[in-house]
Amino acid sequence: MDTASAPAISPRKIRIANAFFFFVSGFGYTTWTSRIIYIQQSLHLNERLLGTALLALPAGLMLTMPITGRMLSTISSSRIMLIGALAFNLMLGLLGFTSQYWQFIVILFFFGSSRNILNLSINTQSVSVQKLYKKSIITTFHGIWSFAGLAGSVLGLIMAYFKVPPTWHLLVVSIGLCIVALIAWPNTLHQKPEPPEKKPIFSLPDKALLKFALICFSSMACENVMYDWSGVYFYKAVHASKVTATAGFVIFMIAVTIGRFSGDSLVNKWGIKHVIQNSAILIVAGFAVVVGLTYNIPVLLGYALIGFGVSCMVPLVLSAAGRSKSMSGGPAIAAVSTVGYLGFLLVPPVVGFIAQAANLRWAFATISLLGLVILWMTTKMHDDE
């Protein structure tokens, strides 16, 4: 850590500044997801073309992972955080101005790249901020991301209700979030990067961790399917208005946010295994309602059930994996989270291909099977995990 700059700023100010960057990430991402259906319509894209375009986002993210890792080993995470925030919001603003399919794909690629730079750097920064405190404060940052995501989706609903075009909505938000990042940045932790460890970029989880990896993959896949496709499903399968479709995404985000802030008390009462089991049941039940009853109120209820189901899954699985006896904590968490991240990135585009071949109801029904995978994997967990 760069002790020359750290003492001039109190830990509280550093914590607040880092929280603002989590807010920028969450608010910016759900601003984009809340207007997907409008951009799809403006570009006249079917489900297959949208799914193909959405592949550009994970492609950009995955290809820049080694670059971001190298940057974090040579440059202060606070500087990379600012660069990532500005680039992320530049791409967010440009998304609303796309008029050609190829432009949409190119900007999504760089949107994914910049999001990777921002998210890896804010998480690196948060680990350093945690070291300034004796009590755990790191999970609060992720709660703030969810709260910001909820706020972004609510604003998207308001913009949809008043028929504000995505062009101006995304542009104004991107400018505002750039200002927030620039104001917060001076109070971030300006530490020197730690020397890079000699380890492989990707390590597979061992047999003991496989159940956690599959749970993480399935949960993160379901979560991002809702980010990318919940509005489109409501509009195309339920034949609701675009405003109602956006409201469905808001309901999902409300459930995710409530679930994440109440998860700790549930774990203290029931234990990790039982919370994950019940969460899996909520996911399966939610998708069953969404697919089986294509009316406004049942689908809204189904979205809420899915939101509650995915809300606490990943942090609980990573916490259990970190206590594994077969691998040390850091590598275990890295291996499981990497597999989970693949589900988050690669499964949502598949929904578009299934929808084009059959329809969105079949696509969502297929994704619901991931909830059954989670339920099956929990039978292999021990009560004390």
# chains A, B, ... in the order shown; residues from 1 in each chain; ligands from 1
$ residues_around --residues "stretch 362-364 of chain A" --least-positions-apart "6" --cutoff "8 Å" --atoms "only C-alpha atoms" --output "PyMOL selection string"
chain A and resi 287+291+351-352+354-355
$ residues_around --residues "stretch 92-97 of chain A" --least-positions-apart "5" --cutoff "9 Å" --atoms "only C-alpha atoms" --output "JSON, numbers by chain"
{"A": [28, 29, 31, 32, 39, 87, 103, 104, 107, 108, 111, 165, 166, 167, 168, 169, 170, 171, 172, 173, 174, 175]}
$ closest_residue --among "A:Arg35, A:Lys242, A:His44, A:Arg115" --to "A:Pro58" --atoms "only C-alpha atoms"
A:Arg115
$ select_by_dssp --residues "stretch 65-282 of chain A" --states "alpha helix (DSSP H)" --output "PyMOL selection string"
chain A and resi 65-74+77-95+101-130+138-161+166-184+210-236+242-270+272-282
$ residues_around --residues "A:Gln125" --least-positions-apart "4" --cutoff "12 Å" --atoms "only C-alpha atoms" --output "MDAnalysis selection string"
chainID A and resid 1 14:15 17:19 21:22 72 76:82 118:121 129:132 138 141 185 188:194
$ write_last_selection --atoms "N, CA and C atoms" --output "mmCIF file, in the first residue's frame"
data_model
loop_
_atom_site.group_PDB
_atom_site.id
_atom_site.type_symbol
_atom_site.label_atom_id
_atom_site.label_comp_id
_atom_site.auth_asym_id
_atom_site.auth_seq_id
_atom_site.Cartn_x
_atom_site.Cartn_y
_atom_site.Cartn_z
ATOM 1 N N MET A 1 0.832 -1.196 0.000
ATOM 2 C CA MET A 1 0.000 0.000 0.000
ATOM 3 C C MET A 1 0.869 1.249 0.000
ATOM 4 N N ILE A 14 -12.582 6.741 2.350
ATOM 5 C CA ILE A 14 -12.151 5.784 1.328
ATOM 6 C C ILE A 14 -13.259 4.777 1.053
ATOM 7 N N ARG A 15 -13.890 4.309 2.126
ATOM 8 C CA ARG A 15 -14.985 3.341 1.980
ATOM 9 C C ARG A 15 -16.149 3.938 1.184
ATOM 10 N N ALA A 17 -16.023 6.437 -0.954
ATOM 11 C CA ALA A 17 -15.604 6.659 -2.338
ATOM 12 C C ALA A 17 -15.676 5.368 -3.142
ATOM 13 N N ASN A 18 -15.201 4.257 -2.529
ATOM 14 C CA ASN A 18 -15.269 2.975 -3.232
ATOM 15 C C ASN A 18 -16.719 2.549 -3.454
ATOM 16 N N ALA A 19 -17.575 2.845 -2.479
ATOM 17 C CA ALA A 19 -18.997 2.513 -2.618
ATOM 18 C C ALA A 19 -19.605 3.237 -3.811
ATOM 19 N N PHE A 21 -18.177 3.913 -6.586
ATOM 20 C CA PHE A 21 -17.804 3.213 -7.820
ATOM 21 C C PHE A 21 -18.629 1.937 -8.005
ATOM 22 N N PHE A 22 -18.977 1.261 -6.909
ATOM 23 C CA PHE A 22 -19.900 0.131 -7.012
ATOM 24 C C PHE A 22 -21.271 0.622 -7.491
ATOM 25 N N LEU A 72 -3.526 -4.385 -13.347
ATOM 26 C CA LEU A 72 -3.651 -4.320 -11.894
ATOM 27 C C LEU A 72 -2.354 -4.683 -11.181
ATOM 28 N N SER A 76 -1.885 1.370 -10.099
ATOM 29 C CA SER A 76 -2.778 1.458 -8.951
ATOM 30 C C SER A 76 -4.208 1.129 -9.365
ATOM 31 N N SER A 77 -4.901 0.317 -8.555
ATOM 32 C CA SER A 77 -6.277 -0.057 -8.870
ATOM 33 C C SER A 77 -7.198 1.159 -8.903
ATOM 34 N N SER A 78 -6.854 2.205 -8.148
ATOM 35 C CA SER A 78 -7.694 3.403 -8.156
ATOM 36 C C SER A 78 -7.672 4.086 -9.522
ATOM 37 N N ARG A 79 -6.499 4.113 -10.167
ATOM 38 C CA ARG A 79 -6.423 4.711 -11.498
ATOM 39 C C ARG A 79 -7.163 3.872 -12.527
ATOM 40 N N ILE A 80 -7.011 2.549 -12.434
ATOM 41 C CA ILE A 80 -7.710 1.662 -13.368
ATOM 42 C C ILE A 80 -9.217 1.768 -13.155
ATOM 43 N N MET A 81 -9.622 1.952 -11.892
ATOM 44 C CA MET A 81 -11.030 2.101 -11.559
ATOM 45 C C MET A 81 -11.626 3.318 -12.265
ATOM 46 N N LEU A 82 -10.896 4.414 -12.258
ATOM 47 C CA LEU A 82 -11.372 5.626 -12.919
ATOM 48 C C LEU A 82 -11.408 5.440 -14.433
ATOM 49 N N LEU A 118 -13.634 -2.113 -15.071
ATOM 50 C CA LEU A 118 -14.235 -1.459 -13.916
ATOM 51 C C LEU A 118 -14.479 -2.446 -12.784
ATOM 52 N N ASN A 119 -15.111 -3.589 -13.083
ATOM 53 C CA ASN A 119 -15.494 -4.506 -12.015
ATOM 54 C C ASN A 119 -14.310 -5.182 -11.342
ATOM 55 N N LEU A 120 -13.291 -5.566 -12.115
ATOM 56 C CA LEU A 120 -12.117 -6.177 -11.493
ATOM 57 C C LEU A 120 -11.370 -5.174 -10.615
ATOM 58 N N SER A 121 -11.300 -3.937 -11.057
ATOM 59 C CA SER A 121 -10.572 -2.938 -10.278
ATOM 60 C C SER A 121 -11.321 -2.535 -9.009
ATOM 61 N N VAL A 129 -9.602 -1.974 0.852
ATOM 62 C CA VAL A 129 -10.367 -1.175 1.813
ATOM 63 C C VAL A 129 -10.749 -2.029 3.011
ATOM 64 N N GLN A 130 -11.102 -3.291 2.775
ATOM 65 C CA GLN A 130 -11.463 -4.189 3.863
ATOM 66 C C GLN A 130 -10.336 -4.299 4.881
ATOM 67 N N LYS A 131 -9.091 -4.239 4.425
ATOM 68 C CA LYS A 131 -7.946 -4.357 5.326
ATOM 69 C C LYS A 131 -7.832 -3.185 6.292
ATOM 70 N N LEU A 132 -8.540 -2.098 6.027
ATOM 71 C CA LEU A 132 -8.533 -0.945 6.921
ATOM 72 C C LEU A 132 -9.506 -1.115 8.083
ATOM 73 N N ILE A 138 -17.047 -5.781 3.422
ATOM 74 C CA ILE A 138 -16.927 -5.957 1.973
ATOM 75 C C ILE A 138 -18.256 -6.347 1.323
ATOM 76 N N PHE A 141 -20.564 -3.549 -0.074
ATOM 77 C CA PHE A 141 -20.320 -3.015 -1.419
ATOM 78 C C PHE A 141 -21.217 -3.708 -2.455
ATOM 79 N N TRP A 185 -13.267 9.864 -7.036
ATOM 80 C CA TRP A 185 -11.946 9.281 -7.230
ATOM 81 C C TRP A 185 -10.842 9.832 -6.306
ATOM 82 N N THR A 188 -10.386 7.790 -3.143
ATOM 83 C CA THR A 188 -10.148 6.345 -3.199
ATOM 84 C C THR A 188 -8.762 6.016 -2.667
ATOM 85 N N LEU A 189 -8.489 4.739 -2.495
ATOM 86 C CA LEU A 189 -7.217 4.293 -1.924
ATOM 87 C C LEU A 189 -6.174 4.195 -3.034
ATOM 88 N N HIS A 190 -5.198 5.095 -2.999
ATOM 89 C CA HIS A 190 -4.174 5.159 -4.047
ATOM 90 C C HIS A 190 -2.961 4.329 -3.613
ATOM 91 N N GLN A 191 -3.121 3.016 -3.705
ATOM 92 C CA GLN A 191 -2.061 2.124 -3.251
ATOM 93 C C GLN A 191 -1.238 1.603 -4.415
ATOM 94 N N LYS A 192 0.008 1.246 -4.099
ATOM 95 C CA LYS A 192 0.858 0.638 -5.116
ATOM 96 C C LYS A 192 0.385 -0.785 -5.388
ATOM 97 N N PRO A 193 0.457 -1.239 -6.631
ATOM 98 C CA PRO A 193 0.023 -2.608 -6.945
ATOM 99 C C PRO A 193 0.925 -3.642 -6.299
ATOM 100 N N GLU A 194 0.305 -4.777 -5.931
ATOM 101 C CA GLU A 194 1.081 -5.870 -5.363
ATOM 102 C C GLU A 194 1.765 -6.647 -6.481
#
$ closest_atom_pairs --of "stretch 230-295 of chain A" --to "stretch 299-322 of chain A" --cutoff "9 Å" --atoms "only C-alpha atoms" --output "Markdown table"
| residue | atom | partner | partner_atom | distance |
| --- | --- | --- | --- | --- |
| A:Ser230 | CA | A:Tyr303 | CA | 8.1 |
| A:Phe234 | CA | A:Val299 | CA | 7.8 |
| A:Val238 | CA | A:Val299 | CA | 8.2 |
| A:Ala247 | CA | A:Leu300 | CA | 8.4 |
| A:Gly248 | CA | A:Leu300 | CA | 5.6 |
| A:Phe249 | CA | A:Tyr303 | CA | 7.6 |
| A:Ile251 | CA | A:Ala304 | CA | 5.9 |
| A:Phe252 | CA | A:Gly307 | CA | 5.0 |
| A:Met253 | CA | A:Gly307 | CA | 6.6 |
| A:Ile254 | CA | A:Gly307 | CA | 7.7 |
| A:Ala255 | CA | A:Gly307 | CA | 4.9 |
| A:Val256 | CA | A:Gly307 | CA | 4.6 |
| A:Thr257 | CA | A:Ser311 | CA | 7.2 |
| A:Ile258 | CA | A:Phe308 | CA | 7.7 |
| A:Gly259 | CA | A:Ser311 | CA | 5.3 |
| A:Arg260 | CA | A:Ser311 | CA | 5.4 |
| A:Phe261 | CA | A:Cys312 | CA | 8.9 |
| A:Ser262 | CA | A:Cys312 | CA | 8.8 |
| A:Gly263 | CA | A:Cys312 | CA | 6.0 |
| A:Asp264 | CA | A:Cys312 | CA | 8.8 |
| A:Val267 | CA | A:Leu316 | CA | 8.7 |
| A:Ile272 | CA | A:Leu316 | CA | 6.4 |
| A:Lys273 | CA | A:Leu316 | CA | 8.8 |
| A:Val275 | CA | A:Met313 | CA | 8.2 |
| A:Ile276 | CA | A:Met313 | CA | 6.1 |
| A:Asn278 | CA | A:Gly309 | CA | 7.6 |
| A:Ser279 | CA | A:Gly309 | CA | 4.1 |
| A:Ala280 | CA | A:Gly309 | CA | 6.1 |
| A:Ile281 | CA | A:Gly309 | CA | 7.5 |
| A:Leu282 | CA | A:Gly309 | CA | 5.0 |
| A:Ile283 | CA | A:Ile306 | CA | 4.6 |
| A:Val284 | CA | A:Ile306 | CA | 7.7 |
| A:Ala285 | CA | A:Leu305 | CA | 7.2 |
| A:Gly286 | CA | A:Gly302 | CA | 4.0 |
| A:Phe287 | CA | A:Gly302 | CA | 6.2 |
| A:Ala288 | CA | A:Gly302 | CA | 7.7 |
| A:Val289 | CA | A:Gly302 | CA | 5.3 |
| A:Val290 | CA | A:Val299 | CA | 4.7 |
| A:Val291 | CA | A:Val299 | CA | 8.1 |
| A:Leu293 | CA | A:Val299 | CA | 6.9 |
| A:Thr294 | CA | A:Val299 | CA | 6.3 |
| A:Tyr295 | CA | A:Val299 | CA | 6.1 |
$ closest_residue --among "A:Ala365, A:Leu214, A:Leu375, A:Val243" --to "A:His274" --atoms "only C-alpha atoms"
A:Leu375
$ atom_distance --atom1 "atom CA of A:Lys380" --atom2 "atom CA of A:Ser368"
20.1 Å
$ residues_around --residues "A:Gln40" --least-positions-apart "6" --cutoff "10 Å" --atoms "only C-alpha atoms" --output "VMD selection string"
chain A and resid 46 to 47 49 to 50 101 104 232
$ atom_distance --atom1 "atom CA of A:Trp376" --atom2 "atom CA of A:Met226"
21.9 Å
$ atom_distance --atom1 "atom CA of A:Gly60" --atom2 "atom CA of A:Gly231"
23.5 Å
$ residues_around --residues "A:Pro348" --least-positions-apart "4" --cutoff "7 Å" --atoms "only C-alpha atoms" --output "PDB file with N, CA and C atoms, in the first residue's frame"
ATOM      1  N   ALA A 221     -25.984 -17.929 -14.242  1.00  0.00           N
ATOM      2  CA  ALA A 221     -26.630 -17.995 -15.550  1.00  0.00           C
ATOM      3  C   ALA A 221     -28.076 -17.533 -15.450  1.00  0.00           C
ATOM      4  N   ASN A 224     -28.266 -13.642 -14.937  1.00  0.00           N
ATOM      5  CA  ASN A 224     -28.012 -12.787 -16.096  1.00  0.00           C
ATOM      6  C   ASN A 224     -29.037 -12.999 -17.200  1.00  0.00           C
ATOM      7  N   VAL A 225     -29.659 -14.185 -17.259  1.00  0.00           N
ATOM      8  CA  VAL A 225     -30.777 -14.374 -18.185  1.00  0.00           C
ATOM      9  C   VAL A 225     -31.886 -13.381 -17.850  1.00  0.00           C
ATOM     10  N   ASP A 228     -30.879  -9.839 -19.040  1.00  0.00           N
ATOM     11  CA  ASP A 228     -30.890  -9.627 -20.487  1.00  0.00           C
ATOM     12  C   ASP A 228     -32.240  -9.899 -21.150  1.00  0.00           C
TER      13      ASP A 228
END
$ residues_around --residues "A:Pro205" --least-positions-apart "4" --cutoff "8 Å" --atoms "only C-alpha atoms" --output "ChimeraX atom specification"
/A:209-210,213,332,335-336
$ write_last_selection --atoms "all heavy atoms" --output "PDB file, in the first residue's frame"
ATOM      1  N   LEU A 209     -14.794 -29.470  -5.101  1.00  0.00           N
ATOM      2  CA  LEU A 209     -15.381 -28.153  -5.362  1.00  0.00           C
ATOM      3  C   LEU A 209     -16.345 -28.153  -6.542  1.00  0.00           C
ATOM      4  O   LEU A 209     -16.971 -27.129  -6.818  1.00  0.00           O
ATOM      5  CB  LEU A 209     -14.265 -27.130  -5.632  1.00  0.00           C
ATOM      6  CG  LEU A 209     -13.364 -26.764  -4.461  1.00  0.00           C
ATOM      7  CD1 LEU A 209     -12.227 -25.875  -4.933  1.00  0.00           C
ATOM      8  CD2 LEU A 209     -14.160 -26.077  -3.362  1.00  0.00           C
ATOM      9  N   LEU A 210     -16.465 -29.287  -7.217  1.00  0.00           N
ATOM     10  CA  LEU A 210     -17.286 -29.329  -8.427  1.00  0.00           C
ATOM     11  C   LEU A 210     -18.740 -28.954  -8.147  1.00  0.00           C
ATOM     12  O   LEU A 210     -19.374 -28.248  -8.933  1.00  0.00           O
ATOM     13  CB  LEU A 210     -17.212 -30.723  -9.052  1.00  0.00           C
ATOM     14  CG  LEU A 210     -17.945 -30.897 -10.387  1.00  0.00           C
ATOM     15  CD1 LEU A 210     -17.379 -29.940 -11.440  1.00  0.00           C
ATOM     16  CD2 LEU A 210     -17.848 -32.337 -10.878  1.00  0.00           C
ATOM     17  N   ALA A 213     -18.998 -25.261  -7.960  1.00  0.00           N
ATOM     18  CA  ALA A 213     -18.824 -24.645  -9.275  1.00  0.00           C
ATOM     19  C   ALA A 213     -20.109 -24.742 -10.096  1.00  0.00           C
ATOM     20  O   ALA A 213     -20.513 -23.780 -10.760  1.00  0.00           O
ATOM     21  CB  ALA A 213     -17.664 -25.306 -10.016  1.00  0.00           C
ATOM     22  N   ALA A 332      -9.467 -21.661  -4.354  1.00  0.00           N
ATOM     23  CA  ALA A 332     -10.776 -22.324  -4.399  1.00  0.00           C
ATOM     24  C   ALA A 332     -11.858 -21.354  -4.845  1.00  0.00           C
ATOM     25  O   ALA A 332     -12.684 -21.663  -5.714  1.00  0.00           O
ATOM     26  CB  ALA A 332     -11.116 -22.904  -3.027  1.00  0.00           C
ATOM     27  N   ALA A 335     -11.372 -20.466  -8.567  1.00  0.00           N
ATOM     28  CA  ALA A 335     -11.780 -21.535  -9.490  1.00  0.00           C
ATOM     29  C   ALA A 335     -13.294 -21.607  -9.613  1.00  0.00           C
ATOM     30  O   ALA A 335     -13.844 -21.705 -10.715  1.00  0.00           O
ATOM     31  CB  ALA A 335     -11.221 -22.874  -9.008  1.00  0.00           C
ATOM     32  N   VAL A 336     -13.987 -21.553  -8.471  1.00  0.00           N
ATOM     33  CA  VAL A 336     -15.455 -21.650  -8.481  1.00  0.00           C
ATOM     34  C   VAL A 336     -16.079 -20.417  -9.128  1.00  0.00           C
ATOM     35  O   VAL A 336     -17.004 -20.532  -9.947  1.00  0.00           O
ATOM     36  CB  VAL A 336     -15.986 -21.827  -7.042  1.00  0.00           C
ATOM     37  CG1 VAL A 336     -17.509 -21.705  -7.000  1.00  0.00           C
ATOM     38  CG2 VAL A 336     -15.567 -23.182  -6.493  1.00  0.00           C
TER      39      VAL A 336
END
$ closest_residue --among "A:Leu61, A:Ala184, A:Asn123, A:Ile36" --to "A:Thr246" --atoms "only C-alpha atoms"
A:Ile36
